[in-house]
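Student: First the structure, which I've put down as structure tokens, then a few questions once you've had a look.
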Amino acid sequence: MVRVAVALVNELTPGERRGRPYAPPPDLAGVTTGGMRAVYPSQRDVTEAEARELAGVAERLREVFTAAADGDIDTAAVRVNALLEETRARPMLERHDGEPWHLHFHGPGGTMAGDWAASCATGLAVVLGSEFHDRLGVCTAPHCDRVYVDVSRNGTRRFCSTACQNRVKTAAFRARGRAE
Ligand SMILES: [Zn+2]
């Protein structure tokens, strides 16, 4: 669920990505489907209307990552609580499509976007309420504001991707070269 939150924020919120300005592409449904399928391969095609609704959710989710990355866990918690309340996230064990029993989180409307909003809010709440509350981050590379969840053992992740990590490494290497 947290990985879906990451995918939604990174695909659907404008800003900067890996050194370049980023805006969600016109094919919002396609990019949303692709991002979610990277996490849940069985995700069905997202409609244009659902993608627009999820883009609104993604803006709210980004605020949580931003606050957490700034070390402002209080604000992150307030934002997550607001989302939990609005989506009225409700846990329910379900079994379908040959899968074992697993937990779903539903919003009141029974819409796909509403259910995912409830799921993402719950996932972030679980992280923020645990010893891993400092694991939500925003990329620290220049001109990148994509988000990540740090699942490394040491919790030392600082970048959204190896692409950004390499950009920063290369820049540092060049700077050293100039200094010598
Ligand atoms: Zn990055």
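Letters A, B, ... go to the chains of the structure tokens in the order shown; residues in each chain start at 1; ligands are counted from 1 in the same order.
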Give the residue list for ligand 1 at 10 Å, counting only C-alpha atoms and all ligand atoms, as a list in words, sorted by chain and then by residue number.

Tutor: Asn10, Glu16, Arg17, Arg18, Gly19, Arg20, Val138, Cys139, Thr140, Ala141, Pro142, His143, Cys144, Asp145, Arg146, Val147, Tyr148, Arg158, Phe159, Cys160, Ser161, Thr162, Ala163, Cys164, Gln165, Asn166, Arg167 and Val168 of chain A

Student: Please give the complete set of residues from chain A that DSSP, run on the backbone, assigns to strand (DSSP E or B), formatted as a PyMOL selection string.

Tutor: chain A and resi 15-17+20-22+90-94+102-106+136-138+147-149

Student: Let me make sure I understand: among A:Ala51, A:Ala38, A:Ala171, A:Val31, which one has the smallest atom-to-atom distance to Thr111 (chain A) if we use only C-alpha atoms?

Tutor: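 Distance minimum relative to Thr111 (chain A) lands on A:Ala51.
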
Student: What gap, in Å, lies between CA of Thr87 (chain A) and CA of Leu28 (chain A)?

Tutor: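 About the pair CA of Thr87 (chain A) and CA of Leu28 (chain A): they are 22.2 Å apart.
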
Student: Residues of chain A in helix (DSSP H, G or I) according to DSSP, as an NGL selection string?

Tutor: :A and (2-12 or 28-37 or 48-69 or 73-87 or 112-128 or 162-179)

Student: Rounded to one decimal in Å, what is the spacing between CA of Val151 (chain A) and CA of Pro14 (chain A)?

Tutor: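 These two atoms are separated by 24.7 Å.
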
Student: Just the number, please: distance in Å from CA of Asp115 (chain A) to CA of Glu86 (chain A), one decimal.

Tutor: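 Distance reported for this atom pair: 11.5 Å.
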
Student: Region 32-65 of chain A near region 76-79 of chain A within 8 Å: what's each residue's closest atom pair and its distance in Å to one decimal, counting only C-alpha atoms, ordered by chain then ascending residue number, as JSON lines?

Tutor:
{"residue": "A:Arg60", "atom": "CA", "partner": "A:Arg79", "partner_atom": "CA", "distance": 7.8}
{"residue": "A:Glu63", "atom": "CA", "partner": "A:Ala76", "partner_atom": "CA", "distance": 7.4}
{"residue": "A:Val64", "atom": "CA", "partner": "A:Ala76", "partner_atom": "CA", "distance": 4.7}
{"residue": "A:Phe65", "atom": "CA", "partner": "A:Ala76", "partner_atom": "CA", "distance": 7.3}

Student: Determine the nearest neighbour of Leu136 (chain A) from the options A:Ala82, A:Ala5, A:Ala118, A:Ala49, counting only C-alpha atoms.

Tutor: A:Ala5

Student: When you count only C-alpha atoms, which of these residues is closest to Pro24 (chain A): A:His106, A:Arg157, A:Arg52, A:Lys169?

Tutor: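 Looking only at the distances to Pro24 (chain A), the closest residue turns out to be A:Arg52.
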